[in-house]
Structure formats: structure tokens, C-alpha cells
Amino acid sequence: MPQSGQEMLDETISACKSIADGLGAQNQDWENSVAEIVEKFEEVSGTFFFKTMPSVPVTRTTMRDAASALELKNASEWDGMGTALETLIASSQNLIEKAGMKGTTLT
């Protein structure tokens, strides 16, 4: 059975927490950004949007972006990390807006 939007969001939150954990040793701004993403995702988690089919594609994209950033972190490939986090922030922003938190801007 395919994952629901909520299951994907849970996986994304978990990946983002792993990314943020200790990332400040490399770049505090990166850690702050990912921590902010986690905070916003936890606010929208459990909302009706994640029980609907439209949540699946946009959540899947964000989940993939989080997984890519986590792979870079685990490999200590810092050169690509800034770009990976920009991509993650953009897809997270899109997901949060679609989940009904319009006007929330991630930094």
C-alpha cells in the first residue's frame, strides 16, 4: 500500500531532525533553517490536508529532498549541502503553503 501524505510527512520530519542534529558544528544557519522546517511541519502534522490525495505528490517531493540532504550530511559532503538545503527549504515552503499555512516564510 502506498504511503499516505501523513506517513511521508512523519518520515520527512524524522529526516529533518537527523539533518539538524549537530549540523550547527558545520553551519549554524543551516541547523536553524532545518529546525524551523521541523517546527512548521510539526504544526501542520495531523491536519486534514495530509489525509488527502493532493498531499501525496508535494509531500513526496519534500521527503526526497530531505533524504538527499541527509545523505550529503552523512557523507560530510558540505560543498553540496547549501544547494540541497535551498532545495529542501523551497519544497518545504511549498508543502507548508499547500497545507494551509499561507503567508509563512521560511528563512
# chains A, B, ... in the order shown; residues from 1 in each chain; ligands from 1
call {"tool": "residues_around", "arguments": {"residues": "Ala84 in chain A", "least_positions_apart": "2", "cutoff": "10 Å", "atoms": "only C-alpha atoms", "output": "list in words"}}
result
Asp65, Ala66, Ala67, Ser68, Ala69, Leu70, Leu72, Lys73, Trp78, Asp79, Gly80, Met81, Gly82, Glu86, Thr87, Leu88, Ile89 and Ala90 of chain A
call {"tool": "write_last_selection", "arguments": {"atoms": "all heavy atoms", "output": "compact mmCIF listing (two decimals), in the first residue's frame"}}
result
# COMPACT_ATOMS: atom_id res chain seq x y z
N ASP A 65 13.73 15.43 -1.02
CA ASP A 65 14.72 16.50 -0.80
C ASP A 65 15.38 16.35 0.57
O ASP A 65 16.59 16.57 0.71
CB ASP A 65 14.05 17.87 -0.93
CG ASP A 65 13.60 18.17 -2.36
OD1 ASP A 65 14.05 17.48 -3.29
OD2 ASP A 65 12.78 19.09 -2.53
N ALA A 66 14.60 15.98 1.57
CA ALA A 66 15.15 15.77 2.92
C ALA A 66 16.11 14.57 2.91
O ALA A 66 17.20 14.63 3.50
CB ALA A 66 14.03 15.55 3.93
N ALA A 67 15.74 13.51 2.20
CA ALA A 67 16.60 12.33 2.12
C ALA A 67 17.92 12.66 1.43
O ALA A 67 18.99 12.22 1.86
CB ALA A 67 15.88 11.20 1.39
N SER A 68 17.85 13.47 0.38
CA SER A 68 19.08 13.87 -0.34
C SER A 68 20.00 14.68 0.56
O SER A 68 21.21 14.45 0.59
CB SER A 68 18.72 14.72 -1.57
OG SER A 68 17.99 13.95 -2.49
N ALA A 69 19.42 15.63 1.30
CA ALA A 69 20.22 16.45 2.21
C ALA A 69 20.83 15.60 3.32
O ALA A 69 21.99 15.80 3.71
CB ALA A 69 19.37 17.58 2.79
N LEU A 70 20.06 14.63 3.80
CA LEU A 70 20.56 13.76 4.87
C LEU A 70 21.73 12.90 4.36
O LEU A 70 22.71 12.71 5.07
CB LEU A 70 19.43 12.87 5.41
CG LEU A 70 19.80 11.95 6.57
CD1 LEU A 70 20.38 12.73 7.75
CD2 LEU A 70 18.57 11.16 7.03
N LEU A 72 23.87 13.73 2.05
CA LEU A 72 25.03 14.61 1.97
C LEU A 72 25.63 14.83 3.35
O LEU A 72 26.85 14.78 3.53
CB LEU A 72 24.65 15.96 1.36
CG LEU A 72 24.34 15.97 -0.14
CD1 LEU A 72 23.80 17.32 -0.56
CD2 LEU A 72 25.58 15.62 -0.95
N LYS A 73 24.77 15.05 4.33
CA LYS A 73 25.26 15.27 5.70
C LYS A 73 25.99 14.04 6.20
O LYS A 73 27.09 14.13 6.74
CB LYS A 73 24.11 15.61 6.64
CG LYS A 73 24.62 15.88 8.06
CD LYS A 73 23.53 15.80 9.10
CE LYS A 73 24.17 15.92 10.48
NZ LYS A 73 23.39 15.30 11.50
N TRP A 78 29.94 18.71 2.35
CA TRP A 78 29.41 20.04 2.69
C TRP A 78 29.29 20.94 1.47
O TRP A 78 28.52 21.90 1.49
CB TRP A 78 30.30 20.67 3.76
CG TRP A 78 30.44 19.78 4.96
CD1 TRP A 78 31.59 19.25 5.45
CD2 TRP A 78 29.38 19.28 5.79
NE1 TRP A 78 31.30 18.45 6.54
CE2 TRP A 78 29.97 18.45 6.77
CE3 TRP A 78 27.99 19.44 5.81
CZ2 TRP A 78 29.22 17.79 7.77
CZ3 TRP A 78 27.25 18.78 6.78
CH2 TRP A 78 27.86 17.98 7.74
N ASP A 79 30.06 20.66 0.41
CA ASP A 79 30.01 21.52 -0.78
C ASP A 79 28.62 21.56 -1.39
O ASP A 79 28.17 22.60 -1.86
CB ASP A 79 31.02 21.05 -1.85
CG ASP A 79 32.46 21.28 -1.41
OD1 ASP A 79 32.67 22.03 -0.43
OD2 ASP A 79 33.36 20.70 -2.04
N GLY A 80 27.93 20.43 -1.36
CA GLY A 80 26.59 20.38 -1.96
C GLY A 80 25.48 20.67 -0.98
O GLY A 80 24.30 20.77 -1.35
N MET A 81 25.83 20.83 0.29
CA MET A 81 24.81 20.94 1.33
C MET A 81 23.98 22.22 1.22
O MET A 81 22.77 22.19 1.39
CB MET A 81 25.47 20.87 2.72
CG MET A 81 24.49 20.64 3.83
SD MET A 81 23.65 19.05 3.64
CE MET A 81 22.90 18.88 5.22
N GLY A 82 24.64 23.35 0.91
CA GLY A 82 23.91 24.61 0.79
C GLY A 82 22.82 24.52 -0.26
O GLY A 82 21.67 24.91 -0.03
N GLU A 86 18.76 24.59 0.20
CA GLU A 86 17.92 25.56 -0.52
C GLU A 86 16.75 24.84 -1.20
O GLU A 86 15.61 25.31 -1.17
CB GLU A 86 18.73 26.31 -1.58
CG GLU A 86 19.60 27.40 -1.01
CD GLU A 86 20.51 28.03 -2.06
OE1 GLU A 86 20.14 28.01 -3.26
OE2 GLU A 86 21.58 28.54 -1.67
N THR A 87 17.04 23.69 -1.80
CA THR A 87 16.00 22.89 -2.45
C THR A 87 14.99 22.40 -1.41
O THR A 87 13.77 22.47 -1.64
CB THR A 87 16.64 21.69 -3.17
OG1 THR A 87 17.60 22.18 -4.11
CG2 THR A 87 15.60 20.87 -3.90
N LEU A 88 15.50 21.92 -0.28
CA LEU A 88 14.62 21.44 0.80
C LEU A 88 13.75 22.57 1.35
O LEU A 88 12.55 22.38 1.57
CB LEU A 88 15.46 20.81 1.92
CG LEU A 88 14.68 20.36 3.16
CD1 LEU A 88 13.62 19.32 2.81
CD2 LEU A 88 15.64 19.82 4.21
N ILE A 89 14.33 23.75 1.54
CA ILE A 89 13.57 24.89 2.04
C ILE A 89 12.45 25.25 1.05
O ILE A 89 11.32 25.49 1.45
CB ILE A 89 14.49 26.10 2.33
CG1 ILE A 89 15.35 25.81 3.57
CG2 ILE A 89 13.68 27.38 2.51
CD1 ILE A 89 16.48 26.81 3.79
N ALA A 90 12.79 25.26 -0.23
CA ALA A 90 11.78 25.61 -1.26
C ALA A 90 10.63 24.60 -1.28
O ALA A 90 9.45 25.00 -1.30
CB ALA A 90 12.44 25.69 -2.63
call {"tool": "residues_around", "arguments": {"residues": "range 20-28 of chain A", "least_positions_apart": "2", "cutoff": "10 Å", "atoms": "only C-alpha atoms", "output": "PyMOL selection string"}}
result
chain A and resi 15-18+30-38+70+73+76+78+82
call {"tool": "residues_around", "arguments": {"residues": "Thr47 in chain A", "least_positions_apart": "4", "cutoff": "12 Å", "atoms": "only C-alpha atoms", "output": "tab-separated table (two decimals) with N, CA, C and O atoms, in the first residue's frame"}}
result
chain	number	residue	atom	x	y	z
A	5	GLY	N	0.12	10.84	2.80
A	5	GLY	CA	0.82	12.10	2.99
A	5	GLY	C	1.34	12.23	4.41
A	5	GLY	O	2.46	12.70	4.64
A	6	GLN	N	0.55	11.78	5.39
A	6	GLN	CA	0.96	11.88	6.79
A	6	GLN	C	2.18	11.01	7.07
A	6	GLN	O	3.11	11.43	7.75
A	9	LEU	N	5.10	12.69	5.64
A	9	LEU	CA	5.47	13.85	6.45
A	9	LEU	C	6.23	13.40	7.69
A	9	LEU	O	7.24	13.99	8.05
A	41	PHE	N	6.57	21.86	10.17
A	41	PHE	CA	5.98	20.57	9.80
A	41	PHE	C	5.19	19.99	10.98
A	41	PHE	O	4.13	19.41	10.78
A	42	GLU	N	5.73	20.14	12.18
A	42	GLU	CA	5.01	19.62	13.35
A	42	GLU	C	3.71	20.37	13.58
A	42	GLU	O	2.73	19.79	14.04
A	43	GLU	N	3.68	21.66	13.21
A	43	GLU	CA	2.44	22.44	13.34
A	43	GLU	C	1.36	21.94	12.38
A	43	GLU	O	0.18	21.93	12.72
A	51	LYS	N	-4.34	13.85	4.95
A	51	LYS	CA	-5.19	12.67	4.77
A	51	LYS	C	-5.73	12.63	3.33
A	51	LYS	O	-6.44	11.70	2.97
A	52	THR	N	-5.40	13.67	2.53
A	52	THR	CA	-5.95	13.78	1.18
A	52	THR	C	-4.92	13.38	0.12
A	52	THR	O	-3.71	13.46	0.36
A	55	SER	N	-2.04	15.80	-1.09
A	55	SER	CA	-0.85	15.98	-0.23
A	55	SER	C	0.29	15.07	-0.65
A	55	SER	O	1.45	15.34	-0.36
A	96	ILE	N	4.19	23.54	3.12
A	96	ILE	CA	3.54	24.24	4.23
A	96	ILE	C	2.41	25.14	3.70
A	96	ILE	O	1.33	25.19	4.28
A	98	LYS	N	0.71	24.69	0.90
A	98	LYS	CA	-0.38	23.82	0.44
A	98	LYS	C	-1.16	23.24	1.63
A	98	LYS	O	-2.35	22.98	1.52
A	99	ALA	N	-0.48	23.04	2.74
A	99	ALA	CA	-1.13	22.50	3.94
A	99	ALA	C	-1.96	23.57	4.65
A	99	ALA	O	-2.57	23.29	5.68
A	100	GLY	N	-1.98	24.76	4.10
A	100	GLY	CA	-2.89	25.78	4.62
A	100	GLY	C	-2.25	26.84	5.48
A	100	GLY	O	-2.97	27.65	6.09
A	101	MET	N	-0.94	26.88	5.55
A	101	MET	CA	-0.29	27.91	6.33
A	101	MET	C	0.26	29.00	5.40
A	101	MET	O	1.44	29.27	5.35
call {"tool": "decode", "arguments": {"residues": "range 31-50 of chain A", "atoms": "N, CA, C and O atoms", "output": "PDB file, in the first residue's frame"}}
result
ATOM      1  N   GLU A  31      21.536  24.683  10.449  1.00  0.00           N
ATOM      2  CA  GLU A  31      20.813  23.984  11.513  1.00  0.00           C
ATOM      3  C   GLU A  31      19.537  24.737  11.887  1.00  0.00           C
ATOM      4  O   GLU A  31      18.480  24.139  12.051  1.00  0.00           O
ATOM      5  N   ASN A  32      19.635  26.066  11.976  1.00  0.00           N
ATOM      6  CA  ASN A  32      18.472  26.885  12.329  1.00  0.00           C
ATOM      7  C   ASN A  32      17.362  26.734  11.287  1.00  0.00           C
ATOM      8  O   ASN A  32      16.189  26.621  11.635  1.00  0.00           O
ATOM      9  N   SER A  33      17.746  26.728  10.011  1.00  0.00           N
ATOM     10  CA  SER A  33      16.753  26.594   8.934  1.00  0.00           C
ATOM     11  C   SER A  33      16.032  25.256   9.009  1.00  0.00           C
ATOM     12  O   SER A  33      14.806  25.192   8.896  1.00  0.00           O
ATOM     13  N   VAL A  34      16.795  24.185   9.195  1.00  0.00           N
ATOM     14  CA  VAL A  34      16.188  22.853   9.242  1.00  0.00           C
ATOM     15  C   VAL A  34      15.330  22.715  10.502  1.00  0.00           C
ATOM     16  O   VAL A  34      14.240  22.137  10.455  1.00  0.00           O
ATOM     17  N   ALA A  35      15.785  23.276  11.615  1.00  0.00           N
ATOM     18  CA  ALA A  35      14.990  23.232  12.849  1.00  0.00           C
ATOM     19  C   ALA A  35      13.671  23.972  12.658  1.00  0.00           C
ATOM     20  O   ALA A  35      12.620  23.535  13.147  1.00  0.00           O
ATOM     21  N   GLU A  36      13.710  25.062  11.900  1.00  0.00           N
ATOM     22  CA  GLU A  36      12.490  25.820  11.619  1.00  0.00           C
ATOM     23  C   GLU A  36      11.529  24.997  10.751  1.00  0.00           C
ATOM     24  O   GLU A  36      10.315  25.005  10.973  1.00  0.00           O
ATOM     25  N   ILE A  37      12.080  24.285   9.784  1.00  0.00           N
ATOM     26  CA  ILE A  37      11.259  23.414   8.941  1.00  0.00           C
ATOM     27  C   ILE A  37      10.551  22.371   9.811  1.00  0.00           C
ATOM     28  O   ILE A  37       9.342  22.154   9.684  1.00  0.00           O
ATOM     29  N   VAL A  38      11.303  21.735  10.711  1.00  0.00           N
ATOM     30  CA  VAL A  38      10.724  20.723  11.605  1.00  0.00           C
ATOM     31  C   VAL A  38       9.578  21.332  12.414  1.00  0.00           C
ATOM     32  O   VAL A  38       8.498  20.741  12.520  1.00  0.00           O
ATOM     33  N   GLU A  39       9.813  22.521  12.950  1.00  0.00           N
ATOM     34  CA  GLU A  39       8.798  23.198  13.763  1.00  0.00           C
ATOM     35  C   GLU A  39       7.509  23.425  12.968  1.00  0.00           C
ATOM     36  O   GLU A  39       6.408  23.144  13.442  1.00  0.00           O
ATOM     37  N   LYS A  40       7.656  23.912  11.740  1.00  0.00           N
ATOM     38  CA  LYS A  40       6.476  24.185  10.901  1.00  0.00           C
ATOM     39  C   LYS A  40       5.776  22.884  10.501  1.00  0.00           C
ATOM     40  O   LYS A  40       4.551  22.806  10.491  1.00  0.00           O
ATOM     41  N   PHE A  41       6.570  21.860  10.174  1.00  0.00           N
ATOM     42  CA  PHE A  41       5.976  20.573   9.802  1.00  0.00           C
ATOM     43  C   PHE A  41       5.194  19.990  10.978  1.00  0.00           C
ATOM     44  O   PHE A  41       4.127  19.412  10.782  1.00  0.00           O
ATOM     45  N   GLU A  42       5.727  20.144  12.179  1.00  0.00           N
ATOM     46  CA  GLU A  42       5.013  19.622  13.350  1.00  0.00           C
ATOM     47  C   GLU A  42       3.707  20.371  13.580  1.00  0.00           C
ATOM     48  O   GLU A  42       2.733  19.792  14.043  1.00  0.00           O
ATOM     49  N   GLU A  43       3.677  21.656  13.214  1.00  0.00           N
ATOM     50  CA  GLU A  43       2.437  22.436  13.340  1.00  0.00           C
ATOM     51  C   GLU A  43       1.359  21.942  12.376  1.00  0.00           C
ATOM     52  O   GLU A  43       0.184  21.931  12.721  1.00  0.00           O
ATOM     53  N   VAL A  44       1.757  21.556  11.163  1.00  0.00           N
ATOM     54  CA  VAL A  44       0.762  21.121  10.169  1.00  0.00           C
ATOM     55  C   VAL A  44       0.497  19.618  10.218  1.00  0.00           C
ATOM     56  O   VAL A  44      -0.470  19.132   9.633  1.00  0.00           O
ATOM     57  N   SER A  45       1.359  18.884  10.919  1.00  0.00           N
ATOM     58  CA  SER A  45       1.203  17.433  11.021  1.00  0.00           C
ATOM     59  C   SER A  45      -0.156  17.085  11.630  1.00  0.00           C
ATOM     60  O   SER A  45      -0.594  17.714  12.586  1.00  0.00           O
ATOM     61  N   GLY A  46      -0.790  16.095  11.042  1.00  0.00           N
ATOM     62  CA  GLY A  46      -2.078  15.656  11.572  1.00  0.00           C
ATOM     63  C   GLY A  46      -3.265  16.440  11.040  1.00  0.00           C
ATOM     64  O   GLY A  46      -4.409  16.128  11.362  1.00  0.00           O
ATOM     65  N   THR A  47      -2.995  17.447  10.214  1.00  0.00           N
ATOM     66  CA  THR A  47      -4.101  18.223   9.654  1.00  0.00           C
ATOM     67  C   THR A  47      -4.771  17.427   8.536  1.00  0.00           C
ATOM     68  O   THR A  47      -4.204  16.478   7.999  1.00  0.00           O
ATOM     69  N   PHE A  48      -5.964  17.844   8.187  1.00  0.00           N
ATOM     70  CA  PHE A  48      -6.760  17.152   7.181  1.00  0.00           C
ATOM     71  C   PHE A  48      -6.017  17.017   5.854  1.00  0.00           C
ATOM     72  O   PHE A  48      -6.113  15.986   5.180  1.00  0.00           O
ATOM     73  N   PHE A  49      -5.250  18.036   5.489  1.00  0.00           N
ATOM     74  CA  PHE A  49      -4.540  18.034   4.210  1.00  0.00           C
ATOM     75  C   PHE A  49      -3.751  16.744   4.003  1.00  0.00           C
ATOM     76  O   PHE A  49      -3.735  16.180   2.913  1.00  0.00           O
ATOM     77  N   PHE A  50      -3.098  16.248   5.053  1.00  0.00           N
ATOM     78  CA  PHE A  50      -2.239  15.078   4.919  1.00  0.00           C
ATOM     79  C   PHE A  50      -3.012  13.770   4.852  1.00  0.00           C
ATOM     80  O   PHE A  50      -2.429  12.709   4.685  1.00  0.00           O
TER      81      PHE A  50
END
